[in-house]
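Step one of this worksheet: look at the structure below.
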Amino acid sequence: MTISLPAAPLTAASNPWLAAAMIAAVVLLSTTGEVLTAAAMKSIGDLDVIRARSGLKGAIRAVITSPLFFAGVFFLALAFFSLLLALNHLNLSLVAPASASLTLVTNAIAGKIFLKENVDRRRWAAAVLVCIGVYLLAH
Amino acid sequence: MAHHTLSPRQYLILGLVAVCAPLGDSCLSRGMTTMPAIALAHPAALIAAVFTPWIAAGIALLIGFFASYLTALSWADLTFVLPATAFGNVIVAFLSRFWLHEAISIERWAGIVLITLGVGFVAQGPSLTQHPAPAANEHAVKEVETR
């Protein structure tokens, strides 16, 4: 039995583990970012109400003075660059449906655990339906 | 907002959330696929990609998406807003069918039906989970007022 070393450097297109790692990075980073951002917006309160009372500047100030918001944006920025990297190495028809549909499910789980959102049967069903739907649509 | 039914303005914001995200992503994809491959060892090349026209247009659309997304998250649950984001893919599929005259396969029609069903499920339910301590929100509003 001969073991041949790969002549070309490992690329995401040829290595399924690297491709999976790239997609997992996008999914985990964007879920973290979205949960932190959602928590920030809940702690700030209804932006329409704040804008009605203290104008657009007041609403913007309320958002950008929230540390939780910046933590969320930091993770969303990391997710964005990991998406650019993934799109550069893999096909859009794989990255877009895989990351979008997996993020829906991880967000439903994270929303229930961390945001204490009432993810009832209706929302679970929706998360699964939309997840399969996004996959079919973009595949 | 007592019964958490949405006003026409709030539906408009959810519409912006739905439309801006997939259009922005399409611009990003178009920009990135025409670029030469970026090696994992040279992440600085990703920064340079930001200043190409398609990526810049994609970012502009995604900023619009983010502003409306944040507004939506301030009055609705994350698990309520996210299916709305996914509905944007349906809008883009219809645009490509009737405007760009692209063919839509049976799988894609099935996807459109599933997403629409899912969004319909969520939209019928309440948009916000009620927590017993709403005092924190009122405090935040007052804090902004006094500044």
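For the structure tokens, the naming scheme is as follows: chains receive sequential letters (A, B, ...) according to their order of presentation, residues are indexed from 1 within each chain, and ligands are indexed from 1 in presentation order.
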Select, as a compact mmCIF listing (two decimals) with N, CA and C atoms, in the first residue's frame, those residues of chain A with any atom no more than 6 Å from chain B (distances computed using only C-alpha atoms).
# COMPACT_ATOMS: atom_id res chain seq x y z
N ALA A 38 -29.61 41.19 19.04
CA ALA A 38 -31.02 41.13 19.45
C ALA A 38 -31.15 41.48 20.93
N MET A 41 -30.81 45.24 21.31
CA MET A 41 -31.99 46.00 20.88
C MET A 41 -33.13 45.84 21.88
N LYS A 42 -33.24 44.65 22.50
CA LYS A 42 -34.29 44.46 23.51
C LYS A 42 -34.00 45.32 24.72
N ILE A 44 -32.38 48.13 24.75
CA ILE A 44 -32.54 49.55 24.41
C ILE A 44 -34.02 49.93 24.38
N GLY A 45 -34.87 49.05 23.85
CA GLY A 45 -36.30 49.33 23.77
C GLY A 45 -36.73 49.70 22.37
N ASP A 46 -38.02 49.93 22.19
CA ASP A 46 -38.61 50.20 20.87
C ASP A 46 -37.98 51.45 20.24
N LEU A 47 -37.25 51.25 19.13
CA LEU A 47 -36.55 52.37 18.47
C LEU A 47 -37.54 53.40 17.92
N ASN A 88 -15.17 33.05 -1.63
CA ASN A 88 -14.02 33.08 -2.53
C ASN A 88 -13.51 31.66 -2.84
N ALA A 108 -32.81 29.74 16.34
CA ALA A 108 -34.01 29.35 17.08
C ALA A 108 -33.61 28.74 18.43
N GLU A 117 -36.73 33.64 24.44
CA GLU A 117 -37.88 33.88 23.57
C GLU A 117 -38.80 32.68 23.60
N ASN A 118 -40.09 32.96 23.45
CA ASN A 118 -41.07 31.88 23.48
C ASN A 118 -41.10 31.20 22.11
N ARG A 123 -43.16 28.36 15.88
CA ARG A 123 -41.87 28.90 15.44
C ARG A 123 -40.86 27.81 15.11
N ALA A 126 -41.80 26.67 11.73
CA ALA A 126 -41.39 27.67 10.75
C ALA A 126 -39.90 27.60 10.50
N LEU A 129 -39.27 24.54 8.33
CA LEU A 129 -39.80 24.74 6.97
C LEU A 129 -38.94 25.72 6.18
N VAL A 130 -38.62 26.87 6.82
CA VAL A 130 -37.83 27.89 6.14
C VAL A 130 -36.43 27.36 5.85
N GLY A 133 -36.69 25.10 2.98
CA GLY A 133 -37.05 25.94 1.84
C GLY A 133 -35.87 26.71 1.29
N LEU A 136 -33.60 24.31 -0.58
CA LEU A 136 -34.13 23.95 -1.89
C LEU A 136 -34.02 25.12 -2.87
N LEU A 137 -34.29 26.31 -2.37
CA LEU A 137 -34.33 27.50 -3.23
C LEU A 137 -32.95 27.81 -3.80
Name the residues of chain B that come out as alpha helix (DSSP H) in a backbone DSSP run; write them as a PyMOL selection string.
chain B and resi 8-33+44-49+53-75+78-98+106-124+135-146
Can you spit out the residues from that selection as a short mmCIF file (atom, residue, chain, number, x, y, z; two decimals), in the first residue's frame, using C-alpha atoms?
data_model
loop_
_atom_site.label_atom_id
_atom_site.label_comp_id
_atom_site.auth_asym_id
_atom_site.auth_seq_id
_atom_site.Cartn_x
_atom_site.Cartn_y
_atom_site.Cartn_z
CA PRO B 8 -48.19 49.18 8.31
CA ARG B 9 -44.93 51.07 9.04
CA GLN B 10 -43.54 48.03 10.86
CA TYR B 11 -44.50 45.77 7.92
CA LEU B 12 -42.65 48.22 5.64
CA ILE B 13 -39.51 47.87 7.81
CA LEU B 14 -39.82 44.04 7.70
CA GLY B 15 -40.16 44.37 3.89
CA LEU B 16 -36.91 46.37 3.74
CA VAL B 17 -35.24 43.69 5.92
CA ALA B 18 -36.43 41.03 3.45
CA VAL B 19 -35.41 42.81 0.23
CA CYS B 20 -32.07 44.46 1.13
CA ALA B 21 -30.36 41.33 2.52
CA PRO B 22 -30.62 38.98 -0.53
CA LEU B 23 -29.91 41.81 -3.00
CA GLY B 24 -26.82 42.78 -0.97
CA ASP B 25 -25.66 39.16 -0.79
CA SER B 26 -26.08 38.79 -4.58
CA CYS B 27 -23.85 41.85 -5.11
CA LEU B 28 -21.21 40.39 -2.73
CA SER B 29 -21.30 37.06 -4.52
CA ARG B 30 -20.94 38.69 -7.94
CA GLY B 31 -18.01 40.74 -6.68
CA MET B 32 -16.20 37.87 -4.96
CA THR B 33 -16.55 35.30 -7.78
CA ALA B 44 -5.44 41.58 4.01
CA ALA B 45 -6.66 40.92 0.45
CA LEU B 46 -10.19 40.65 1.92
CA ILE B 47 -9.92 44.27 3.11
CA ALA B 48 -8.94 45.40 -0.41
CA ALA B 49 -12.01 43.55 -1.78
CA PRO B 53 -17.74 48.36 -6.96
CA TRP B 54 -19.89 45.21 -6.55
CA ILE B 55 -18.71 44.62 -2.97
CA ALA B 56 -19.23 48.32 -2.15
CA ALA B 57 -22.80 48.22 -3.57
CA GLY B 58 -23.45 45.02 -1.61
CA ILE B 59 -22.21 46.68 1.59
CA ALA B 60 -24.44 49.75 0.97
CA LEU B 61 -27.50 47.47 0.62
CA LEU B 62 -26.46 45.48 3.71
CA ILE B 63 -26.16 48.71 5.74
CA GLY B 64 -29.76 49.51 4.72
CA PHE B 65 -30.69 45.99 5.76
CA PHE B 66 -28.91 46.35 9.11
CA ALA B 67 -30.64 49.63 10.01
CA SER B 68 -34.10 48.18 9.31
CA TYR B 69 -33.12 44.87 10.98
CA LEU B 70 -32.08 46.67 14.19
CA THR B 71 -35.33 48.64 14.20
CA ALA B 72 -37.31 45.41 13.77
CA LEU B 73 -35.37 43.70 16.59
CA SER B 74 -36.24 46.59 18.91
CA TRP B 75 -39.95 45.70 18.75
CA LEU B 78 -35.26 37.42 16.81
CA THR B 79 -37.16 34.21 15.96
CA PHE B 80 -39.94 36.40 14.48
CA VAL B 81 -37.65 38.62 12.37
CA LEU B 82 -35.43 35.88 10.90
CA PRO B 83 -38.12 34.12 8.83
CA ALA B 84 -38.88 37.58 7.35
CA THR B 85 -35.24 37.76 6.25
CA ALA B 86 -35.59 34.36 4.58
CA PHE B 87 -38.73 35.57 2.75
CA GLY B 88 -36.43 37.93 0.83
CA ASN B 89 -35.09 34.89 -1.05
CA VAL B 90 -38.63 34.25 -2.30
CA ILE B 91 -38.92 37.87 -3.48
CA VAL B 92 -35.60 37.59 -5.33
CA ALA B 93 -36.68 34.27 -6.91
CA PHE B 94 -39.87 35.93 -8.22
CA LEU B 95 -37.87 38.94 -9.48
CA SER B 96 -35.50 36.63 -11.37
CA ARG B 97 -38.47 34.68 -12.80
CA PHE B 98 -40.64 37.56 -14.00
CA ILE B 106 -39.48 22.31 -9.29
CA GLU B 107 -37.08 22.20 -6.30
CA ARG B 108 -37.04 25.99 -6.18
CA TRP B 109 -40.84 26.23 -6.38
CA ALA B 110 -40.97 23.73 -3.49
CA GLY B 111 -38.51 25.94 -1.58
CA ILE B 112 -40.66 29.03 -2.24
CA VAL B 113 -43.77 27.21 -0.95
CA LEU B 114 -41.99 25.99 2.23
CA ILE B 115 -40.56 29.42 3.09
CA THR B 116 -43.91 31.11 2.47
CA LEU B 117 -45.65 28.53 4.71
CA GLY B 118 -43.04 29.04 7.44
CA VAL B 119 -43.31 32.83 7.33
CA GLY B 120 -47.10 32.53 7.36
CA PHE B 121 -46.92 30.37 10.52
CA VAL B 122 -44.75 32.88 12.38
CA ALA B 123 -46.64 35.95 11.19
CA GLN B 124 -49.89 34.57 12.65
CA ALA B 135 -39.18 48.29 33.63
CA ALA B 136 -35.71 48.07 32.07
CA ASN B 137 -37.05 49.24 28.71
CA GLU B 138 -38.79 52.27 30.19
CA HIS B 139 -35.63 53.13 32.07
CA ALA B 140 -33.59 53.04 28.85
CA VAL B 141 -36.05 55.37 27.10
CA LYS B 142 -35.96 57.85 29.97
CA GLU B 143 -32.18 57.73 30.04
CA VAL B 144 -32.06 58.73 26.37
CA GLU B 145 -34.55 61.53 26.95
CA THR B 146 -32.54 63.12 29.72
#
Which of A:Ala77, A:Ala40, A:Leu84, A:Ala125 sits closest to Val63 (chain A) [using only C-alpha atoms]:
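Distance minimum relative to Val63 (chain A) lands on A:Ala40.
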Got a sec: who's within 10 Å of Thr31 (chain A), counting only C-alpha atoms, leaving out chain neighbours fewer than 6 positions off, as a PyMOL selection string?
chain A and resi 25+37+72+75-76+79+102-111
May I have the residues from that selection written out with C-alpha atoms, as an mmCIF file, in the first residue's frame?
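Final file, selection-v1.cif:
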data_model
loop_
_atom_site.group_PDB
_atom_site.id
_atom_site.type_symbol
_atom_site.label_atom_id
_atom_site.label_comp_id
_atom_site.auth_asym_id
_atom_site.auth_seq_id
_atom_site.Cartn_x
_atom_site.Cartn_y
_atom_site.Cartn_z
ATOM 1 C CA ALA A 25 -17.404 29.475 11.172
ATOM 2 C CA THR A 37 -27.488 42.311 18.669
ATOM 3 C CA GLY A 72 -22.792 41.919 18.422
ATOM 4 C CA PHE A 75 -19.112 39.093 15.784
ATOM 5 C CA LEU A 76 -21.245 40.036 12.751
ATOM 6 C CA ALA A 79 -19.033 36.491 10.265
ATOM 7 C CA LEU A 102 -28.245 26.296 9.425
ATOM 8 C CA THR A 103 -28.211 29.807 10.952
ATOM 9 C CA LEU A 104 -32.022 29.754 11.155
ATOM 10 C CA VAL A 105 -31.991 26.613 13.290
ATOM 11 C CA THR A 106 -29.032 27.644 15.496
ATOM 12 C CA ASN A 107 -30.753 31.015 16.036
ATOM 13 C CA ALA A 108 -34.009 29.353 17.082
ATOM 14 C CA ILE A 109 -32.058 27.291 19.645
ATOM 15 C CA ALA A 110 -29.987 30.297 20.806
ATOM 16 C CA GLY A 111 -33.114 32.516 20.920
#
Please measure the separation of CA of Ala127 (chain A) and CA of Leu6 (chain B), giving the value in Å to one decimal.
20.6 Å
